[in-house]
Amino acid sequence: LDFNIFEYKDDPDSPRQMMLVKLLVFFYEDLGLIEHYNMNLPTLTSFILRARSMYRNVPYHNFWHAFDVTHMMYYLIKCLDAEVKFTPVQKLALITGSIVHDIDHMGLNNSYHVKCDTPMGLLCSATGVQSVLEIHHCNLAIEILDLPGHCIFETLTKTEEQQAYQIMVDIILATDMAHHAKLLEDFKKALPQVPTSLVMKMMMKSSDLSNVIRPF
């Protein structure tokens with residue numbers, strides 16, 4: 001929990017940055033996902049590196065933030081697994097969704113895109129979608145997973161693959177703060193028998209905002 005991401009926030013091309021990539025691979029390994037799904041290590045590494053390359057050098061929503069969020073998600077899975085009993089596909093989707101949850105973020109919020117009629121804002125307004133950035137992150141995540149040599153879901157069954165994509169999309173969309181009040185209300189109403197789908201959304205939200213409560 002006290003891993004300090006700021007100690008690694010230096011030159012994006014620094015060799016130290018590869019340590020973060022190796023740690024992300026470790027999260028998959030320690031959760032038993034590489035063994036369970038017989039995951040191809042070069043494919044997993046290519047996926048992580050491609051995702052990293054698509055984060056912009058913005059003050060907050062960058063790759064270091066993505067790692068920080070994924071680390072907290074890994075921590076929460078380890079803490080809650082005995083109680084919730086996550087399935088392998090749920091763990092896989094939670095870690096993967098955390099890595100890509102802010103991919104290609106421009107440092108501007110949804111309101112800016114809608115009010116300033118950016119291309120993304122116009123598209124979402126025309127289709128009645130409010131989660132401008134979150135939809136964008138989902139689209140790019142799916143594009144990466146569709147690239148040859150990058151699909152870490154390739155060894156899943158068809159049913160598991162559909163579940164992984166659904167969970168990944170759901171938790172990324174849950175990071176839109178416009179839905180915060182509704183999700184919190186639903187969570188409180190569901191206590192103490194909270195559905196796992198809602199638990200996973202709250203884990204994503206908690207991980208996304210967790211940096212402010214770190215001990216460092």
# chains A, B, ... in the order shown; residues from 1 in each chain; ligands from 1

$ residues_around --residues "range 152-158 of chain A" --least-positions-apart "2" --cutoff "6 Å" --atoms "only C-alpha atoms" --output "JSON, numbers by chain"
{"A": [44, 160, 161]}

$ write_last_selection --atoms "all heavy atoms" --output "tab-separated table (two decimals), in the first residue's frame"
chain	number	residue	atom	x	y	z
A	44	LEU	N	1.24	-10.52	-23.18
A	44	LEU	CA	0.89	-9.68	-22.03
A	44	LEU	C	1.79	-8.45	-21.98
A	44	LEU	O	1.31	-7.33	-21.75
A	44	LEU	CB	1.03	-10.49	-20.74
A	44	LEU	CG	0.81	-9.73	-19.43
A	44	LEU	CD1	-0.58	-9.09	-19.39
A	44	LEU	CD2	1.01	-10.67	-18.23
A	160	GLU	N	-16.19	-16.60	-21.31
A	160	GLU	CA	-15.29	-15.85	-20.44
A	160	GLU	C	-14.84	-14.55	-21.10
A	160	GLU	O	-14.74	-13.51	-20.45
A	160	GLU	CB	-14.06	-16.70	-20.11
A	160	GLU	CG	-14.33	-17.83	-19.15
A	160	GLU	CD	-13.10	-18.71	-18.96
A	160	GLU	OE1	-12.32	-18.87	-19.92
A	160	GLU	OE2	-12.93	-19.25	-17.85
A	161	GLU	N	-14.58	-14.60	-22.40
A	161	GLU	CA	-14.15	-13.41	-23.12
A	161	GLU	C	-15.24	-12.34	-23.08
A	161	GLU	O	-14.96	-11.16	-22.83
A	161	GLU	CB	-13.82	-13.76	-24.57
A	161	GLU	CG	-13.31	-12.59	-25.38
A	161	GLU	CD	-13.05	-12.95	-26.83
A	161	GLU	OE1	-13.72	-13.87	-27.34
A	161	GLU	OE2	-12.20	-12.30	-27.45

$ residues_around --residues "Ser206 in chain A" --least-positions-apart "4" --cutoff "12 Å" --atoms "only C-alpha atoms" --output "list in words"
Asp68, Val69, Thr70, His71, Met72, Met73, Tyr74, Tyr75, Leu76, Ser98, Ile171, Ala174, Thr175, Met177, His180, Leu183, Leu184, Val199, Met200, Lys201, Met202, Ser210, Asn211, Val212, Ile213 and Arg214 of chain A

$ closest_residue --among "A:Gln130, A:Gln166, A:Gln17, A:Ser197" --to "His179 in chain A" --atoms "only C-alpha atoms"
A:Gln130

$ residues_around --residues "Ile167 in chain A" --least-positions-apart "5" --cutoff "8 Å" --atoms "only C-alpha atoms" --output "PDB file with all heavy atoms, in the first residue's frame"
ATOM      1  N   GLN A  90     -13.056 -12.377 -13.429  1.00  0.00           N
ATOM      2  CA  GLN A  90     -13.292 -11.092 -12.770  1.00  0.00           C
ATOM      3  C   GLN A  90     -11.977 -10.431 -12.388  1.00  0.00           C
ATOM      4  O   GLN A  90     -11.797  -9.228 -12.590  1.00  0.00           O
ATOM      5  CB  GLN A  90     -14.175 -11.302 -11.536  1.00  0.00           C
ATOM      6  CG  GLN A  90     -15.627 -11.632 -11.870  1.00  0.00           C
ATOM      7  CD  GLN A  90     -16.436 -12.045 -10.660  1.00  0.00           C
ATOM      8  OE1 GLN A  90     -15.889 -12.446  -9.622  1.00  0.00           O
ATOM      9  NE2 GLN A  90     -17.752 -11.966 -10.762  1.00  0.00           N
ATOM     10  N   ALA A  93     -10.332  -9.080 -15.588  1.00  0.00           N
ATOM     11  CA  ALA A  93     -10.972  -7.866 -16.097  1.00  0.00           C
ATOM     12  C   ALA A  93     -10.694  -6.669 -15.196  1.00  0.00           C
ATOM     13  O   ALA A  93     -10.524  -5.543 -15.690  1.00  0.00           O
ATOM     14  CB  ALA A  93     -12.476  -8.092 -16.234  1.00  0.00           C
ATOM     15  N   LEU A  94     -10.639  -6.888 -13.893  1.00  0.00           N
ATOM     16  CA  LEU A  94     -10.378  -5.788 -12.961  1.00  0.00           C
ATOM     17  C   LEU A  94      -8.981  -5.216 -13.153  1.00  0.00           C
ATOM     18  O   LEU A  94      -8.803  -3.989 -13.205  1.00  0.00           O
ATOM     19  CB  LEU A  94     -10.555  -6.272 -11.517  1.00  0.00           C
ATOM     20  CG  LEU A  94     -11.992  -6.506 -11.047  1.00  0.00           C
ATOM     21  CD1 LEU A  94     -12.006  -7.241  -9.710  1.00  0.00           C
ATOM     22  CD2 LEU A  94     -12.750  -5.186 -10.931  1.00  0.00           C
ATOM     23  N   SER A 197     -21.059  -7.387  -9.066  1.00  0.00           N
ATOM     24  CA  SER A 197     -20.911  -6.415 -10.155  1.00  0.00           C
ATOM     25  C   SER A 197     -20.790  -5.001  -9.611  1.00  0.00           C
ATOM     26  O   SER A 197     -19.990  -4.191 -10.102  1.00  0.00           O
ATOM     27  CB  SER A 197     -22.102  -6.497 -11.115  1.00  0.00           C
ATOM     28  OG  SER A 197     -23.322  -6.263 -10.423  1.00  0.00           O
TER      29      SER A 197
END

$ atom_distance --atom1 "CA of Phe47 in chain A" --atom2 "CA of Leu140 in chain A"
11.9 Å

$ atom_distance --atom1 "CA of Glu29 in chain A" --atom2 "CA of Tyr165 in chain A"
20.0 Å

$ residues_around --residues "Ile172 in chain A" --least-positions-apart "4" --cutoff "9 Å" --atoms "only C-alpha atoms" --output "ChimeraX atom specification"
/A:97-98,100-102,134-135,137-138,167-168,176,201,204-205

$ atom_distance --atom1 "CA of Val21 in chain A" --atom2 "CA of Phe63 in chain A"
10.4 Å

$ residues_around --residues "Val58 in chain A" --least-positions-apart "4" --cutoff "9 Å" --atoms "only C-alpha atoms" --output "PyMOL selection string"
chain A and resi 62+105-107

$ write_last_selection --atoms "all heavy atoms" --output "mmCIF file, in the first residue's frame"
data_model
loop_
_atom_site.group_PDB
_atom_site.id
_atom_site.type_symbol
_atom_site.label_atom_id
_atom_site.label_comp_id
_atom_site.auth_asym_id
_atom_site.auth_seq_id
_atom_site.Cartn_x
_atom_site.Cartn_y
_atom_site.Cartn_z
ATOM 1 N N ASN A 62 -2.057 10.147 -16.486
ATOM 2 C CA ASN A 62 -0.962 9.594 -17.269
ATOM 3 C C ASN A 62 -0.730 8.133 -16.884
ATOM 4 O O ASN A 62 -1.484 7.551 -16.097
ATOM 5 C CB ASN A 62 0.300 10.429 -17.039
ATOM 6 C CG ASN A 62 0.521 10.705 -15.554
ATOM 7 O OD1 ASN A 62 0.472 9.789 -14.729
ATOM 8 N ND2 ASN A 62 0.744 11.975 -15.198
ATOM 9 N N HIS A 105 -6.128 9.981 -22.200
ATOM 10 C CA HIS A 105 -6.808 11.114 -21.552
ATOM 11 C C HIS A 105 -6.061 12.402 -21.902
ATOM 12 O O HIS A 105 -4.841 12.467 -21.824
ATOM 13 C CB HIS A 105 -6.824 10.912 -20.034
ATOM 14 C CG HIS A 105 -7.859 11.712 -19.323
ATOM 15 N ND1 HIS A 105 -7.852 13.097 -19.297
ATOM 16 C CD2 HIS A 105 -8.936 11.336 -18.590
ATOM 17 C CE1 HIS A 105 -8.873 13.524 -18.586
ATOM 18 N NE2 HIS A 105 -9.555 12.485 -18.145
ATOM 19 N N MET A 106 -6.784 13.424 -22.303
ATOM 20 C CA MET A 106 -6.169 14.679 -22.736
ATOM 21 C C MET A 106 -5.971 15.672 -21.605
ATOM 22 O O MET A 106 -5.434 16.764 -21.808
ATOM 23 C CB MET A 106 -7.022 15.350 -23.820
ATOM 24 C CG MET A 106 -7.288 14.478 -25.034
ATOM 25 S SD MET A 106 -8.770 13.465 -24.774
ATOM 26 C CE MET A 106 -8.932 12.708 -26.402
ATOM 27 N N GLY A 107 -6.429 15.314 -20.398
ATOM 28 C CA GLY A 107 -6.316 16.236 -19.272
ATOM 29 C C GLY A 107 -7.492 17.195 -19.169
ATOM 30 O O GLY A 107 -7.461 18.137 -18.378
#

$ residues_around --residues "Leu49 in chain A" --least-positions-apart "5" --cutoff "12 Å" --atoms "only C-alpha atoms" --output "PDB file with all heavy atoms, in the first residue's frame"
ATOM      1  N   PRO A  12       9.934   9.432 -19.074  1.00  0.00           N
ATOM      2  CA  PRO A  12       9.168   8.273 -19.550  1.00  0.00           C
ATOM      3  C   PRO A  12      10.039   7.212 -20.219  1.00  0.00           C
ATOM      4  O   PRO A  12       9.656   6.046 -20.283  1.00  0.00           O
ATOM      5  CB  PRO A  12       8.176   8.889 -20.549  1.00  0.00           C
ATOM      6  CG  PRO A  12       8.041  10.308 -20.120  1.00  0.00           C
ATOM      7  CD  PRO A  12       9.394  10.697 -19.595  1.00  0.00           C
ATOM      8  N   ASP A  13      11.197   7.607 -20.748  1.00  0.00           N
ATOM      9  CA  ASP A  13      12.089   6.658 -21.416  1.00  0.00           C
ATOM     10  C   ASP A  13      13.143   6.082 -20.476  1.00  0.00           C
ATOM     11  O   ASP A  13      14.035   5.340 -20.911  1.00  0.00           O
ATOM     12  CB  ASP A  13      12.780   7.347 -22.604  1.00  0.00           C
ATOM     13  CG  ASP A  13      11.774   7.779 -23.663  1.00  0.00           C
ATOM     14  OD1 ASP A  13      10.818   7.025 -23.905  1.00  0.00           O
ATOM     15  OD2 ASP A  13      11.944   8.870 -24.238  1.00  0.00           O
ATOM     16  N   GLN A  17      11.267   2.957 -15.748  1.00  0.00           N
ATOM     17  CA  GLN A  17       9.876   2.769 -16.133  1.00  0.00           C
ATOM     18  C   GLN A  17       9.556   1.304 -16.438  1.00  0.00           C
ATOM     19  O   GLN A  17       8.415   0.859 -16.290  1.00  0.00           O
ATOM     20  CB  GLN A  17       9.542   3.646 -17.339  1.00  0.00           C
ATOM     21  CG  GLN A  17       9.710   5.135 -17.098  1.00  0.00           C
ATOM     22  CD  GLN A  17       8.933   5.606 -15.889  1.00  0.00           C
ATOM     23  OE1 GLN A  17       7.746   5.332 -15.755  1.00  0.00           O
ATOM     24  NE2 GLN A  17       9.587   6.327 -14.993  1.00  0.00           N
ATOM     25  N   MET A  18      10.558   0.544 -16.884  1.00  0.00           N
ATOM     26  CA  MET A  18      10.327  -0.871 -17.158  1.00  0.00           C
ATOM     27  C   MET A  18      10.024  -1.641 -15.872  1.00  0.00           C
ATOM     28  O   MET A  18       9.400  -2.702 -15.915  1.00  0.00           O
ATOM     29  CB  MET A  18      11.542  -1.474 -17.855  1.00  0.00           C
ATOM     30  CG  MET A  18      11.617  -1.146 -19.339  1.00  0.00           C
ATOM     31  SD  MET A  18      10.094  -1.553 -20.250  1.00  0.00           S
ATOM     32  CE  MET A  18      10.024  -3.325 -20.028  1.00  0.00           C
ATOM     33  N   MET A  19      10.460  -1.114 -14.726  1.00  0.00           N
ATOM     34  CA  MET A  19      10.125  -1.763 -13.461  1.00  0.00           C
ATOM     35  C   MET A  19       8.618  -1.759 -13.249  1.00  0.00           C
ATOM     36  O   MET A  19       8.045  -2.736 -12.743  1.00  0.00           O
ATOM     37  CB  MET A  19      10.827  -1.052 -12.300  1.00  0.00           C
ATOM     38  CG  MET A  19      10.497  -1.650 -10.923  1.00  0.00           C
ATOM     39  SD  MET A  19      10.946  -3.394 -10.784  1.00  0.00           S
ATOM     40  CE  MET A  19      12.740  -3.235 -10.766  1.00  0.00           C
ATOM     41  N   LEU A  20       7.956  -0.678 -13.640  1.00  0.00           N
ATOM     42  CA  LEU A  20       6.500  -0.609 -13.497  1.00  0.00           C
ATOM     43  C   LEU A  20       5.822  -1.638 -14.395  1.00  0.00           C
ATOM     44  O   LEU A  20       4.833  -2.267 -14.003  1.00  0.00           O
ATOM     45  CB  LEU A  20       6.003   0.797 -13.835  1.00  0.00           C
ATOM     46  CG  LEU A  20       6.552   1.937 -12.967  1.00  0.00           C
ATOM     47  CD1 LEU A  20       5.943   3.264 -13.385  1.00  0.00           C
ATOM     48  CD2 LEU A  20       6.298   1.674 -11.486  1.00  0.00           C
ATOM     49  N   VAL A  21       6.352  -1.804 -15.600  1.00  0.00           N
ATOM     50  CA  VAL A  21       5.810  -2.813 -16.521  1.00  0.00           C
ATOM     51  C   VAL A  21       5.972  -4.206 -15.926  1.00  0.00           C
ATOM     52  O   VAL A  21       5.042  -5.028 -15.944  1.00  0.00           O
ATOM     53  CB  VAL A  21       6.507  -2.723 -17.895  1.00  0.00           C
ATOM     54  CG1 VAL A  21       6.041  -3.870 -18.804  1.00  0.00           C
ATOM     55  CG2 VAL A  21       6.225  -1.379 -18.547  1.00  0.00           C
ATOM     56  N   LYS A  22       7.143  -4.476 -15.354  1.00  0.00           N
ATOM     57  CA  LYS A  22       7.399  -5.779 -14.741  1.00  0.00           C
ATOM     58  C   LYS A  22       6.476  -6.017 -13.553  1.00  0.00           C
ATOM     59  O   LYS A  22       6.012  -7.144 -13.316  1.00  0.00           O
ATOM     60  CB  LYS A  22       8.853  -5.872 -14.301  1.00  0.00           C
ATOM     61  CG  LYS A  22       9.845  -5.927 -15.453  1.00  0.00           C
ATOM     62  CD  LYS A  22      11.285  -5.956 -14.951  1.00  0.00           C
ATOM     63  CE  LYS A  22      12.273  -5.990 -16.111  1.00  0.00           C
ATOM     64  NZ  LYS A  22      13.686  -5.991 -15.633  1.00  0.00           N
ATOM     65  N   LEU A  24       3.444  -4.778 -13.209  1.00  0.00           N
ATOM     66  CA  LEU A  24       2.111  -5.063 -13.741  1.00  0.00           C
ATOM     67  C   LEU A  24       2.004  -6.527 -14.156  1.00  0.00           C
ATOM     68  O   LEU A  24       0.982  -7.186 -13.916  1.00  0.00           O
ATOM     69  CB  LEU A  24       1.801  -4.140 -14.927  1.00  0.00           C
ATOM     70  CG  LEU A  24       1.570  -2.667 -14.581  1.00  0.00           C
ATOM     71  CD1 LEU A  24       1.426  -1.832 -15.847  1.00  0.00           C
ATOM     72  CD2 LEU A  24       0.338  -2.488 -13.692  1.00  0.00           C
ATOM     73  N   VAL A  25       3.058  -7.045 -14.789  1.00  0.00           N
ATOM     74  CA  VAL A  25       3.083  -8.464 -15.135  1.00  0.00           C
ATOM     75  C   VAL A  25       3.001  -9.308 -13.862  1.00  0.00           C
ATOM     76  O   VAL A  25       2.291 -10.328 -13.819  1.00  0.00           O
ATOM     77  CB  VAL A  25       4.357  -8.820 -15.931  1.00  0.00           C
ATOM     78  CG1 VAL A  25       4.471 -10.332 -16.124  1.00  0.00           C
ATOM     79  CG2 VAL A  25       4.361  -8.120 -17.288  1.00  0.00           C
ATOM     80  N   PRO A  42       4.940 -12.755 -23.810  1.00  0.00           N
ATOM     81  CA  PRO A  42       5.193 -11.690 -24.791  1.00  0.00           C
ATOM     82  C   PRO A  42       3.916 -10.935 -25.162  1.00  0.00           C
ATOM     83  O   PRO A  42       3.941  -9.708 -25.355  1.00  0.00           O
ATOM     84  CB  PRO A  42       5.767 -12.442 -25.994  1.00  0.00           C
ATOM     85  CG  PRO A  42       6.415 -13.645 -25.397  1.00  0.00           C
ATOM     86  CD  PRO A  42       5.510 -14.043 -24.265  1.00  0.00           C
ATOM     87  N   THR A  43       2.783 -11.640 -25.238  1.00  0.00           N
ATOM     88  CA  THR A  43       1.506 -10.987 -25.544  1.00  0.00           C
ATOM     89  C   THR A  43       1.103 -10.048 -24.416  1.00  0.00           C
ATOM     90  O   THR A  43       0.683  -8.902 -24.659  1.00  0.00           O
ATOM     91  CB  THR A  43       0.400 -12.033 -25.766  1.00  0.00           C
ATOM     92  OG1 THR A  43       0.738 -12.855 -26.890  1.00  0.00           O
ATOM     93  CG2 THR A  43      -0.946 -11.360 -26.020  1.00  0.00           C
ATOM     94  N   LEU A  44       1.236 -10.516 -23.181  1.00  0.00           N
ATOM     95  CA  LEU A  44       0.894  -9.681 -22.030  1.00  0.00           C
ATOM     96  C   LEU A  44       1.792  -8.450 -21.977  1.00  0.00           C
ATOM     97  O   LEU A  44       1.314  -7.326 -21.749  1.00  0.00           O
ATOM     98  CB  LEU A  44       1.033 -10.486 -20.738  1.00  0.00           C
ATOM     99  CG  LEU A  44       0.806  -9.730 -19.426  1.00  0.00           C
ATOM    100  CD1 LEU A  44      -0.577  -9.090 -19.391  1.00  0.00           C
ATOM    101  CD2 LEU A  44       1.009 -10.670 -18.228  1.00  0.00           C
ATOM    102  N   MET A  54       0.128   4.759 -25.141  1.00  0.00           N
ATOM    103  CA  MET A  54      -1.050   5.529 -25.541  1.00  0.00           C
ATOM    104  C   MET A  54      -1.537   6.473 -24.449  1.00  0.00           C
ATOM    105  O   MET A  54      -2.534   7.175 -24.631  1.00  0.00           O
ATOM    106  CB  MET A  54      -2.155   4.589 -26.001  1.00  0.00           C
ATOM    107  CG  MET A  54      -1.781   3.820 -27.263  1.00  0.00           C
ATOM    108  SD  MET A  54      -3.035   2.647 -27.824  1.00  0.00           S
ATOM    109  CE  MET A  54      -4.314   3.771 -28.398  1.00  0.00           C
ATOM    110  N   TYR A  55      -0.844   6.482 -23.314  1.00  0.00           N
ATOM    111  CA  TYR A  55      -1.130   7.503 -22.294  1.00  0.00           C
ATOM    112  C   TYR A  55      -0.351   8.769 -22.644  1.00  0.00           C
ATOM    113  O   TYR A  55       0.811   8.699 -23.040  1.00  0.00           O
ATOM    114  CB  TYR A  55      -0.725   7.007 -20.898  1.00  0.00           C
ATOM    115  CG  TYR A  55      -1.811   6.227 -20.211  1.00  0.00           C
ATOM    116  CD1 TYR A  55      -1.882   4.841 -20.356  1.00  0.00           C
ATOM    117  CD2 TYR A  55      -2.779   6.865 -19.442  1.00  0.00           C
ATOM    118  CE1 TYR A  55      -2.892   4.116 -19.730  1.00  0.00           C
ATOM    119  CE2 TYR A  55      -3.788   6.152 -18.812  1.00  0.00           C
ATOM    120  CZ  TYR A  55      -3.838   4.774 -18.968  1.00  0.00           C
ATOM    121  OH  TYR A  55      -4.848   4.066 -18.355  1.00  0.00           O
ATOM    122  N   PHE A  63       0.347   7.547 -17.412  1.00  0.00           N
ATOM    123  CA  PHE A  63       0.610   6.136 -17.136  1.00  0.00           C
ATOM    124  C   PHE A  63       0.924   5.889 -15.664  1.00  0.00           C
ATOM    125  O   PHE A  63       0.597   4.827 -15.128  1.00  0.00           O
ATOM    126  CB  PHE A  63       1.766   5.627 -18.002  1.00  0.00           C
ATOM    127  CG  PHE A  63       2.142   4.199 -17.717  1.00  0.00           C
ATOM    128  CD1 PHE A  63       1.288   3.165 -18.066  1.00  0.00           C
ATOM    129  CD2 PHE A  63       3.337   3.897 -17.070  1.00  0.00           C
ATOM    130  CE1 PHE A  63       1.616   1.840 -17.783  1.00  0.00           C
ATOM    131  CE2 PHE A  63       3.676   2.576 -16.788  1.00  0.00           C
ATOM    132  CZ  PHE A  63       2.817   1.550 -17.153  1.00  0.00           C
ATOM    133  N   ILE A  99      -5.602  -0.886 -15.879  1.00  0.00           N
ATOM    134  CA  ILE A  99      -4.460  -0.441 -16.688  1.00  0.00           C
ATOM    135  C   ILE A  99      -4.901   0.533 -17.770  1.00  0.00           C
ATOM    136  O   ILE A  99      -4.226   1.535 -18.040  1.00  0.00           O
ATOM    137  CB  ILE A  99      -3.746  -1.657 -17.318  1.00  0.00           C
ATOM    138  CG1 ILE A  99      -3.059  -2.493 -16.231  1.00  0.00           C
ATOM    139  CG2 ILE A  99      -2.714  -1.202 -18.367  1.00  0.00           C
ATOM    140  CD1 ILE A  99      -2.469  -3.798 -16.735  1.00  0.00           C
ATOM    141  N   VAL A 100      -6.046   0.279 -18.393  1.00  0.00           N
ATOM    142  CA  VAL A 100      -6.467   1.073 -19.557  1.00  0.00           C
ATOM    143  C   VAL A 100      -7.531   2.111 -19.230  1.00  0.00           C
ATOM    144  O   VAL A 100      -8.015   2.802 -20.133  1.00  0.00           O
ATOM    145  CB  VAL A 100      -6.994   0.148 -20.679  1.00  0.00           C
ATOM    146  CG1 VAL A 100      -5.911  -0.798 -21.157  1.00  0.00           C
ATOM    147  CG2 VAL A 100      -8.217  -0.648 -20.210  1.00  0.00           C
ATOM    148  N   ILE A 144      -6.771  -2.104 -28.745  1.00  0.00           N
ATOM    149  CA  ILE A 144      -5.492  -2.734 -28.393  1.00  0.00           C
ATOM    150  C   ILE A 144      -5.648  -4.247 -28.312  1.00  0.00           C
ATOM    151  O   ILE A 144      -4.831  -5.010 -28.837  1.00  0.00           O
ATOM    152  CB  ILE A 144      -4.961  -2.186 -27.058  1.00  0.00           C
ATOM    153  CG1 ILE A 144      -4.638  -0.698 -27.162  1.00  0.00           C
ATOM    154  CG2 ILE A 144      -3.702  -2.960 -26.626  1.00  0.00           C
ATOM    155  CD1 ILE A 144      -4.233  -0.075 -25.836  1.00  0.00           C
ATOM    156  N   GLY A 149      -1.078 -10.201 -31.476  1.00  0.00           N
ATOM    157  CA  GLY A 149      -0.018 -10.247 -30.478  1.00  0.00           C
ATOM    158  C   GLY A 149      -0.270  -9.412 -29.246  1.00  0.00           C
ATOM    159  O   GLY A 149       0.630  -9.231 -28.419  1.00  0.00           O
ATOM    160  N   HIS A 150      -1.495  -8.896 -29.079  1.00  0.00           N
ATOM    161  CA  HIS A 150      -1.817  -8.055 -27.933  1.00  0.00           C
ATOM    162  C   HIS A 150      -3.041  -8.543 -27.150  1.00  0.00           C
ATOM    163  O   HIS A 150      -3.339  -7.997 -26.089  1.00  0.00           O
ATOM    164  CB  HIS A 150      -2.087  -6.610 -28.374  1.00  0.00           C
ATOM    165  CG  HIS A 150      -0.873  -5.893 -28.869  1.00  0.00           C
ATOM    166  ND1 HIS A 150      -0.289  -6.186 -30.085  1.00  0.00           N
ATOM    167  CD2 HIS A 150      -0.130  -4.899 -28.319  1.00  0.00           C
ATOM    168  CE1 HIS A 150       0.759  -5.392 -30.266  1.00  0.00           C
ATOM    169  NE2 HIS A 150       0.880  -4.607 -29.215  1.00  0.00           N
TER     170      HIS A 150
END

$ closest_residue --among "A:Ile48, A:Val129, A:Ala190, A:Tyr8" --to "Ile95 in chain A" --atoms "only C-alpha atoms"
A:Ile48

$ select_by_dssp --residues "range 39-214 of chain A" --states "alpha helix (DSSP H)" --output "ChimeraX atom specification"
/A:41-53,63-84,88-100,110-115,119-127,132-145,158-173,180-190,196-208

$ closest_residue --among "A:Ala66, A:Ile5, A:Gln162, A:Arg50" --to "Glu143 in chain A" --atoms "only C-alpha atoms"
A:Arg50
